[in-house]
Amino acid sequence: MKTAIYQNRTIVLDQFDRDQYQKIFIAGRNGELFCPVCNEKVRLFLGIQGFPRFFHAHSPENQCPEPILTQNNSETILNYQDLNGFQIPKGRTILEAPKNYDLFTPAKNIEITTPFTNIINAKMDTHSPYLHLLEKNNVFLDESQADAVSETKGSLLVLAGAGSGKTRVLTARTAYMLDVEQIDPHSIMLVTFTSKAAAEMKNRLLSYPQMKKEKINQLVTGTFHSIFYRILMYHDAQNWSSNKLLKKEWQRDKILKEAGKELNLSEKEFAYDLALQQIGYWKNSLLMPHEVKPATDFEEKAVFLYRKYEEYKDREGHFDFDDMLIGCYKLFSSFPSILEQYQDRFHYFLIDEFQDINKVQYELIKLLSRKHKNVCAVGDDDQSIYSFRGSDPSYLLDFEKDFPYARVVTLDQNYRSSHEIVSTSNQMIAANKIRRTKKMKAQFSSRMPPALFFPYDEEEEATMIVTDLQERIANGASPSDFAILYRTNAGSRAVFERLASSNLPFKVDLDADSFYDRYIVKCALAFLKISLNEDDNQALSDILPFLFLKQAVLKDIKAISILQDFSFLEAISHLKTAHSFQEKKLIKAVTSIRTLKQLSPLTAIEKIEKDIGFLDFLKKRGNESNKLEKGSDDLKDLKVAAKSFDSIDALLVHAEHMSAMNKEIKNLSKHFTEAITLSTIHRAKGLEYQGVYIIGAVDGSLPHDFALDSYRNGDFTAIEEERRLFYVAMTRARESLFISVPSNRRGKKANRSRFLIPLFKKRK
């Protein structure tokens with residue numbers, strides 16, 4: 001049914017603005033929509049599959065006939081008569097089709113033109129008794145995998161595409177080296193990027209035939225940090241004692257803030273968290289403070305803090321996690337005899353996730369393997385997505401330059417995803433210019449091509465996804481079968497809120513703050529709070545930086561408030577500063593803040609942005625120089641959220657509720673065994689799900705704005721990494737993949753992601 005009654009008005013979906021669909025959806029959920037025929041409550045269906053429609057809330061299977069409409073004085077009215085308690089249509093008037101309405105676009109399947117060949121990849125053709133023994137124990141290897149397992153001499157690059165079984169290859173290769181080659185386990189170093197991955201590999205090795213626990217435990221396994229820290233402890237335990245490690249971020253943050261006082265950097269005005277991230281990037285790239293060439297004002301300040309940070313650690317004898325690798329690199333470079341000792345000790349290196357290696361890690365492996373050159377690097381350049389941490393895919397792409405006699409084996413069978421998903425992701429990633437050419441092949445067809453769907457904006461996007469999930473779970477699917485993936489944590493706001501108001505179990509990243517607890521959002525809301533309560537002490541503290549006032553003036557404001565019987569807000573306009581122009585600005589700001597309570601939440605936030613210099617503050621703070629998380633983006637997202645509320649008080653209550661919900665969900669997540677996963681794409685790497693929803697597939701989101709800016713300036717490497725990120729998201733799905741292409745993002749028209757263009761070109 002396309003028609004409903006809302007606030008005594010007739011709504012016809014085909015003649016209704018698309019930007020109002022979400023509002024009508026909420027009205028239906030709140031019991032404010034009625035059937036024009038039987039007057040029962042109805043709701044709006046807004047999902048991925050099928051067109052929007054009204055349905056009876058208590059009996060969805062019972063639908064009234066579509067009422068007949070006529071036109072009267074430019075208004076659509078119902079034309080019916082009462083008969084025995086029922087409303088019966090009287091007649092029918094054909095209406096002229098409405099013009100200029102942004103009509104609903106139904107979901108569209110991506111055409112799969114590459115036929116699926118139902119031929120299981122050829123099994124290994126080998127005379128190795130051990131590989132046949134593995135097969136008898138249900139460890140099956142295809143020909144390429146067997147090749148990677150049995151070629152143990154010399155250097156080897158294993159290009160392991162998404163879902164190609166790289167963990168199986170690494171563990172089977174290790175088992176082969178121990179059992180067939182009889183290699184001393186002490187001489188093998190197996191490096192992973194997480195402790196969890198190292199433990200999983202050891203456990204899997206234990207399940208292989210003829211593998212003994214004593215022998216497996218003799219392998220040197222772990223992350224780069226754990227392995228090289230052990231070496232440092234062995235040679236210089238006094239200086240590298242664990243009690244000297246700066247384990248917590250707050251410890252490092254405190255050192256930077258103390259150093260920042262020399263530049264008069266306020267704790268609330270300068271983005272110290274971003275400075276710490278930048279320092280980590282420089283260290284992983286083996287750039288010492290004197291070697292950094294800052295490109296922005298923010299980087300100049302960060303370099304100063306970097307130098308002071310290193311001086312403090314040297315003076316106090318402390319070290320951080322990055323120092324573990326740098327310290328070992330310096331140890332090997334300064335003491336050739338120690339380096340030679342380890343070169344003689346380790347003959348074989350197996351390195352997982354090689355595409356994520358950074359400069360200091362690569363240099364360490366080069367030093368250690370220089371004598372024997374038996375390096376097995378396993379990775380996929382198409383999944384290199386951590387450049388912000390210093391990772392560089394060029395080490396994988398140029399592997400043969402440093403290891404000139406290396407063999408390359410490509411694992412091109414995807415055992416995870418359906419043919420439809422593999423074919424689509426192949427087509428998309430092929431547009432990258434700098435990559436090792438490979439074309440993955442699937443082992444099965446789901447007959448479900450990936451689908452694009454077209455919500456109006458972020459709010460409707462979330463509603464459509466949750467509606468689709470409710471249908472699938474009601475039909476027997478498990479919540480844990482599904483993941484919703486997004487580019488940055490801020491992009492999860494709407495879908496988090498929609499899931500929080502549903503009855504579906506879900507879990508979020510433990511490191512992700514609630515959207516409403518993000519610094520910029522919290523401060524914007526503080527302006528709204530103090531407009532409602534001029535004596536809100538916390539809100540007062542939060543807005544001071546945006547008025548370019550130090551926290552030290554709090555005591556002056558409170559003194560003025562007491563002595564002259566002013567509210568805290570009024571007291572701001574009576575502050576005496578060193579500059580008369582600033583005093584005039586404060587008077588004007590207080591007047592502006594007081595008017596906020598009379599406005600709608602959206603208009604109030606726009607006024608904060610324009611009249612109180614919010615963006616000027618963000619530029620000064622350094623947020624706008626951060627590639628991924630710009631403060632102005634948070635403000636845009638807040639404006640989208642504010643559109644759904646009629647009063648400031650309602651928005652503030654909602655924000656507080658969502659913040660509390662975020663904490664509660666994090667606590668509950670530890671105990672959930674069956675839950676929908678909300679995750680950034682970066683966090684989802686290495687995981688897999690039956691169904692995946694990728695949100696925000698528009699330019700500015702995926703690819704991110706910073707990559708587009710770099711591309712306009714002639715650098716396409718960031719765009720290529722964003723495409724790899726999209727590829728990683730797509731290949732997390734086993735059977736179903738839904739990609740959201742909203743028409744609007746952050747209140748403005750959005751363009752479909754350029755990464756989708758190859759999927760619409762004619763394919764051979």
# chains A, B, ... in the order shown; residues from 1 in each chain; ligands from 1
$ select_by_dssp --residues "stretch 302-550 of chain A" --states "helix (DSSP H, G or I)" --output "number ranges by chain"
A: 302-316, 321-334, 336-345, 354-356, 359-368, 381-383, 387-389, 394-397, 399-402, 419-429, 458-474, 479-481, 489-500, 515-517, 519-532, 537-547
$ closest_atom_pairs --of "stretch 410-439 of chain A" --to "stretch 364-382 of chain A" --cutoff "10 Å" --atoms "only C-alpha atoms" --output "JSON lines"
{"residue": "A:Thr410", "atom": "CA", "partner": "A:Asp380", "partner_atom": "CA", "distance": 9.5}
{"residue": "A:Leu411", "atom": "CA", "partner": "A:Asp380", "partner_atom": "CA", "distance": 9.6}
{"residue": "A:Ile429", "atom": "CA", "partner": "A:Asp382", "partner_atom": "CA", "distance": 7.4}
{"residue": "A:Ala430", "atom": "CA", "partner": "A:Asp382", "partner_atom": "CA", "distance": 9.4}
{"residue": "A:Asn432", "atom": "CA", "partner": "A:Asp382", "partner_atom": "CA", "distance": 8.9}
{"residue": "A:Ile434", "atom": "CA", "partner": "A:Asp381", "partner_atom": "CA", "distance": 9.1}
{"residue": "A:Arg435", "atom": "CA", "partner": "A:Asp381", "partner_atom": "CA", "distance": 6.4}
{"residue": "A:Arg436", "atom": "CA", "partner": "A:Asp381", "partner_atom": "CA", "distance": 7.0}
{"residue": "A:Thr437", "atom": "CA", "partner": "A:Asp382", "partner_atom": "CA", "distance": 9.6}
{"residue": "A:Lys438", "atom": "CA", "partner": "A:Asp382", "partner_atom": "CA", "distance": 9.5}
$ residues_around --residues "stretch 272-283 of chain A" --least-positions-apart "2" --cutoff "10 Å" --atoms "only C-alpha atoms" --output "number ranges by chain"
A: 249-250, 252-254, 256-257, 260, 265-270, 285-289, 291-292, 298-299, 301-303, 305-307, 309, 320-323, 325-326, 358-360, 387-391, 621-623, 625-627, 629
$ atom_distance --atom1 "atom CA of A:Arg168" --atom2 "atom CA of A:Ser394"
25.0 Å
$ atom_distance --atom1 "atom CA of A:Phe581" --atom2 "atom CA of A:Thr296"
28.4 Å
$ select_by_dssp --residues "stretch 183-358 of chain A" --states "strand (DSSP E)" --output "JSON, numbers by chain"
{"A": [188, 189, 190, 191, 192, 220, 221, 222, 223, 348, 349, 350, 351]}
$ closest_atom_pairs --of "stretch 720-761 of chain A" --to "stretch 638-651 of chain A" --cutoff "9 Å" --atoms "only C-alpha atoms" --output "Markdown table"
| residue | atom | partner | partner_atom | distance |
| --- | --- | --- | --- | --- |
| A:Arg745 | CA | A:Val640 | CA | 8.5 |
| A:Arg746 | CA | A:Val640 | CA | 6.0 |
| A:Gly747 | CA | A:Val640 | CA | 6.3 |
$ write_last_selection --atoms "N, CA, C and O atoms" --output "mmCIF file, in the first residue's frame"
data_model
loop_
_atom_site.group_PDB
_atom_site.id
_atom_site.type_symbol
_atom_site.label_atom_id
_atom_site.label_comp_id
_atom_site.auth_asym_id
_atom_site.auth_seq_id
_atom_site.Cartn_x
_atom_site.Cartn_y
_atom_site.Cartn_z
ATOM 1 N N ARG A 745 25.249 12.728 1.406
ATOM 2 C CA ARG A 745 26.156 12.435 2.508
ATOM 3 C C ARG A 745 26.527 13.732 3.201
ATOM 4 O O ARG A 745 26.887 14.705 2.553
ATOM 5 N N ARG A 746 26.378 13.742 4.504
ATOM 6 C CA ARG A 746 26.678 14.931 5.298
ATOM 7 C C ARG A 746 25.951 16.156 4.778
ATOM 8 O O ARG A 746 26.495 17.254 4.692
ATOM 9 N N GLY A 747 24.692 15.921 4.385
ATOM 10 C CA GLY A 747 23.829 17.031 3.996
ATOM 11 C C GLY A 747 24.015 17.534 2.590
ATOM 12 O O GLY A 747 23.392 18.524 2.199
#
$ residues_around --residues "stretch 448-453 of chain A" --least-positions-apart "5" --cutoff "7 Å" --atoms "only C-alpha atoms" --output "JSON list (two decimals) with C-alpha atoms, in the first residue's frame"
[["chain", "number", "residue", "atom", "x", "y", "z"],
["A", 48, "ILE", "CA", 16.95, -3.20, 0.64],
["A", 106, "PRO", "CA", 15.35, -0.05, -6.21],
["A", 107, "ALA", "CA", 18.40, -2.19, -5.42],
["A", 108, "LYS", "CA", 20.38, -3.32, -8.43],
["A", 109, "ASN", "CA", 22.31, -6.56, -8.83],
["A", 110, "ILE", "CA", 25.79, -6.24, -10.29],
["A", 112, "ILE", "CA", 28.26, -11.13, -13.49],
["A", 420, "GLU", "CA", 29.86, -13.75, -7.87],
["A", 421, "ILE", "CA", 31.80, -11.91, -5.13],
["A", 736, "SER", "CA", 26.00, -12.16, 0.12],
["A", 737, "LEU", "CA", 27.36, -8.66, -0.40],
["A", 738, "PHE", "CA", 25.36, -5.42, -0.26],
["A", 739, "ILE", "CA", 26.97, -2.09, -1.13],
["A", 740, "SER", "CA", 25.21, 1.11, -0.10],
["A", 741, "VAL", "CA", 25.34, 4.13, -2.43]]
$ residues_around --residues "A:Asn751" --least-positions-apart "5" --cutoff "8 Å" --atoms "only C-alpha atoms" --output "PyMOL selection string"
chain A and resi 698-699+743
$ residues_around --residues "A:Leu759" --least-positions-apart "2" --cutoff "8 Å" --atoms "only C-alpha atoms" --output "list in words"
Ile110, Glu111, Thr424, Gln427, Met428, Leu756, Ile757 and Lys761 of chain A
$ write_last_selection --atoms "N, CA and C atoms" --output "tab-separated table (two decimals), in the first residue's frame"
chain	number	residue	atom	x	y	z
A	110	ILE	N	24.66	-6.45	-9.40
A	110	ILE	CA	25.79	-6.24	-10.29
A	110	ILE	C	25.85	-7.42	-11.27
A	111	GLU	N	25.91	-7.11	-12.54
A	111	GLU	CA	25.89	-8.17	-13.55
A	111	GLU	C	27.21	-8.95	-13.53
A	424	THR	N	33.37	-9.99	-9.04
A	424	THR	CA	33.15	-8.55	-8.88
A	424	THR	C	34.38	-7.87	-8.26
A	427	GLN	N	37.23	-7.51	-10.73
A	427	GLN	CA	37.01	-6.43	-11.69
A	427	GLN	C	37.32	-5.07	-11.08
A	428	MET	N	36.97	-4.93	-9.82
A	428	MET	CA	37.18	-3.65	-9.15
A	428	MET	C	38.66	-3.38	-8.90
A	756	LEU	N	33.23	1.94	-8.21
A	756	LEU	CA	32.15	1.11	-8.75
A	756	LEU	C	32.06	1.20	-10.27
A	757	ILE	N	32.75	2.18	-10.85
A	757	ILE	CA	32.64	2.39	-12.31
A	757	ILE	C	33.01	1.16	-13.11
A	761	LYS	N	31.06	-1.28	-16.53
A	761	LYS	CA	31.60	-1.35	-17.89
A	761	LYS	C	31.32	-2.72	-18.48
$ residues_around --residues "A:Ile695" --least-positions-apart "3" --cutoff "10 Å" --atoms "only C-alpha atoms" --output "list in words"
Phe453, Glu458, Glu461, Ala462, Ile465, Ile484, Leu485, Tyr486, Arg487, Gly491, Ser492, Val495, Val692, Val698, Ser701, Leu702, Phe738, Ile739, Ser740, Val741 and Pro742 of chain A
$ closest_residue --among "A:Phe140, A:Tyr693, A:Phe399, A:Phe55" --to "A:Val466" --atoms "only C-alpha atoms"
A:Tyr693
$ atom_distance --atom1 "atom CA of A:Arg53" --atom2 "atom CA of A:Asp637"
28.0 Å
$ decode --residues "stretch 416-444 of chain A" --atoms "N, CA and C atoms" --output "PDB file, in the first residue's frame"
ATOM      1  N   ARG A 416      37.012 -18.909   0.068  1.00  0.00           N
ATOM      2  CA  ARG A 416      36.085 -18.260   0.991  1.00  0.00           C
ATOM      3  C   ARG A 416      34.813 -17.782   0.310  1.00  0.00           C
ATOM      4  N   SER A 417      34.969 -16.991  -0.743  1.00  0.00           N
ATOM      5  CA  SER A 417      33.840 -16.254  -1.314  1.00  0.00           C
ATOM      6  C   SER A 417      33.269 -16.923  -2.555  1.00  0.00           C
ATOM      7  N   SER A 418      32.022 -16.589  -2.834  1.00  0.00           N
ATOM      8  CA  SER A 418      31.338 -17.128  -4.012  1.00  0.00           C
ATOM      9  C   SER A 418      31.943 -16.563  -5.297  1.00  0.00           C
ATOM     10  N   HIS A 419      31.669 -17.243  -6.400  1.00  0.00           N
ATOM     11  CA  HIS A 419      32.129 -16.783  -7.703  1.00  0.00           C
ATOM     12  C   HIS A 419      31.652 -15.362  -7.982  1.00  0.00           C
ATOM     13  N   GLU A 420      30.436 -15.070  -7.590  1.00  0.00           N
ATOM     14  CA  GLU A 420      29.860 -13.747  -7.868  1.00  0.00           C
ATOM     15  C   GLU A 420      30.644 -12.647  -7.149  1.00  0.00           C
ATOM     16  N   ILE A 421      31.035 -12.900  -5.901  1.00  0.00           N
ATOM     17  CA  ILE A 421      31.804 -11.910  -5.135  1.00  0.00           C
ATOM     18  C   ILE A 421      33.237 -11.830  -5.643  1.00  0.00           C
ATOM     19  N   VAL A 422      33.839 -12.974  -5.927  1.00  0.00           N
ATOM     20  CA  VAL A 422      35.225 -13.001  -6.418  1.00  0.00           C
ATOM     21  C   VAL A 422      35.327 -12.299  -7.764  1.00  0.00           C
ATOM     22  N   SER A 423      34.388 -12.580  -8.668  1.00  0.00           N
ATOM     23  CA  SER A 423      34.408 -11.969  -9.991  1.00  0.00           C
ATOM     24  C   SER A 423      34.278 -10.450  -9.902  1.00  0.00           C
ATOM     25  N   THR A 424      33.374  -9.993  -9.037  1.00  0.00           N
ATOM     26  CA  THR A 424      33.154  -8.553  -8.877  1.00  0.00           C
ATOM     27  C   THR A 424      34.379  -7.870  -8.257  1.00  0.00           C
ATOM     28  N   SER A 425      34.947  -8.484  -7.230  1.00  0.00           N
ATOM     29  CA  SER A 425      36.116  -7.871  -6.580  1.00  0.00           C
ATOM     30  C   SER A 425      37.336  -7.887  -7.505  1.00  0.00           C
ATOM     31  N   ASN A 426      37.476  -8.929  -8.324  1.00  0.00           N
ATOM     32  CA  ASN A 426      38.546  -8.955  -9.333  1.00  0.00           C
ATOM     33  C   ASN A 426      38.444  -7.754 -10.262  1.00  0.00           C
ATOM     34  N   GLN A 427      37.234  -7.510 -10.731  1.00  0.00           N
ATOM     35  CA  GLN A 427      37.007  -6.430 -11.686  1.00  0.00           C
ATOM     36  C   GLN A 427      37.317  -5.070 -11.077  1.00  0.00           C
ATOM     37  N   MET A 428      36.967  -4.931  -9.815  1.00  0.00           N
ATOM     38  CA  MET A 428      37.177  -3.650  -9.152  1.00  0.00           C
ATOM     39  C   MET A 428      38.661  -3.384  -8.900  1.00  0.00           C
ATOM     40  N   ILE A 429      39.400  -4.356  -8.358  1.00  0.00           N
ATOM     41  CA  ILE A 429      40.799  -4.125  -7.980  1.00  0.00           C
ATOM     42  C   ILE A 429      41.708  -4.051  -9.203  1.00  0.00           C
ATOM     43  N   ALA A 430      41.270  -4.584 -10.323  1.00  0.00           N
ATOM     44  CA  ALA A 430      42.095  -4.568 -11.539  1.00  0.00           C
ATOM     45  C   ALA A 430      42.378  -3.152 -12.019  1.00  0.00           C
ATOM     46  N   ALA A 431      41.596  -2.181 -11.549  1.00  0.00           N
ATOM     47  CA  ALA A 431      41.802  -0.789 -11.967  1.00  0.00           C
ATOM     48  C   ALA A 431      43.052  -0.175 -11.345  1.00  0.00           C
ATOM     49  N   ASN A 432      43.597  -0.794 -10.302  1.00  0.00           N
ATOM     50  CA  ASN A 432      44.836  -0.279  -9.707  1.00  0.00           C
ATOM     51  C   ASN A 432      46.004  -0.466 -10.670  1.00  0.00           C
ATOM     52  N   LYS A 433      46.844   0.552 -10.761  1.00  0.00           N
ATOM     53  CA  LYS A 433      47.961   0.515 -11.701  1.00  0.00           C
ATOM     54  C   LYS A 433      49.177  -0.207 -11.115  1.00  0.00           C
ATOM     55  N   ILE A 434      49.434   0.019  -9.827  1.00  0.00           N
ATOM     56  CA  ILE A 434      50.625  -0.564  -9.209  1.00  0.00           C
ATOM     57  C   ILE A 434      50.209  -1.781  -8.397  1.00  0.00           C
ATOM     58  N   ARG A 435      50.341  -2.944  -8.988  1.00  0.00           N
ATOM     59  CA  ARG A 435      49.991  -4.188  -8.307  1.00  0.00           C
ATOM     60  C   ARG A 435      50.567  -5.370  -9.079  1.00  0.00           C
ATOM     61  N   ARG A 436      50.673  -6.485  -8.432  1.00  0.00           N
ATOM     62  CA  ARG A 436      51.039  -7.732  -9.097  1.00  0.00           C
ATOM     63  C   ARG A 436      49.775  -8.308  -9.720  1.00  0.00           C
ATOM     64  N   THR A 437      49.834  -8.545 -11.000  1.00  0.00           N
ATOM     65  CA  THR A 437      48.644  -9.023 -11.701  1.00  0.00           C
ATOM     66  C   THR A 437      48.266 -10.415 -11.226  1.00  0.00           C
ATOM     67  N   LYS A 438      47.031 -10.556 -10.822  1.00  0.00           N
ATOM     68  CA  LYS A 438      46.499 -11.858 -10.436  1.00  0.00           C
ATOM     69  C   LYS A 438      44.984 -11.824 -10.600  1.00  0.00           C
ATOM     70  N   LYS A 439      44.404 -12.963 -10.850  1.00  0.00           N
ATOM     71  CA  LYS A 439      42.954 -13.054 -10.997  1.00  0.00           C
ATOM     72  C   LYS A 439      42.475 -14.240 -10.185  1.00  0.00           C
ATOM     73  N   MET A 440      41.781 -13.945  -9.119  1.00  0.00           N
ATOM     74  CA  MET A 440      41.334 -14.998  -8.219  1.00  0.00           C
ATOM     75  C   MET A 440      40.178 -15.794  -8.842  1.00  0.00           C
ATOM     76  N   LYS A 441      40.123 -17.066  -8.462  1.00  0.00           N
ATOM     77  CA  LYS A 441      39.062 -17.956  -8.960  1.00  0.00           C
ATOM     78  C   LYS A 441      38.331 -18.555  -7.769  1.00  0.00           C
ATOM     79  N   ALA A 442      37.013 -18.616  -7.882  1.00  0.00           N
ATOM     80  CA  ALA A 442      36.191 -19.135  -6.787  1.00  0.00           C
ATOM     81  C   ALA A 442      35.952 -20.629  -6.939  1.00  0.00           C
ATOM     82  N   GLN A 443      35.571 -21.259  -5.834  1.00  0.00           N
ATOM     83  CA  GLN A 443      35.318 -22.703  -5.822  1.00  0.00           C
ATOM     84  C   GLN A 443      33.830 -23.049  -5.840  1.00  0.00           C
ATOM     85  N   PHE A 444      32.978 -22.028  -5.671  1.00  0.00           N
ATOM     86  CA  PHE A 444      31.542 -22.309  -5.680  1.00  0.00           C
ATOM     87  C   PHE A 444      30.775 -21.066  -6.136  1.00  0.00           C
TER      88      PHE A 444
END
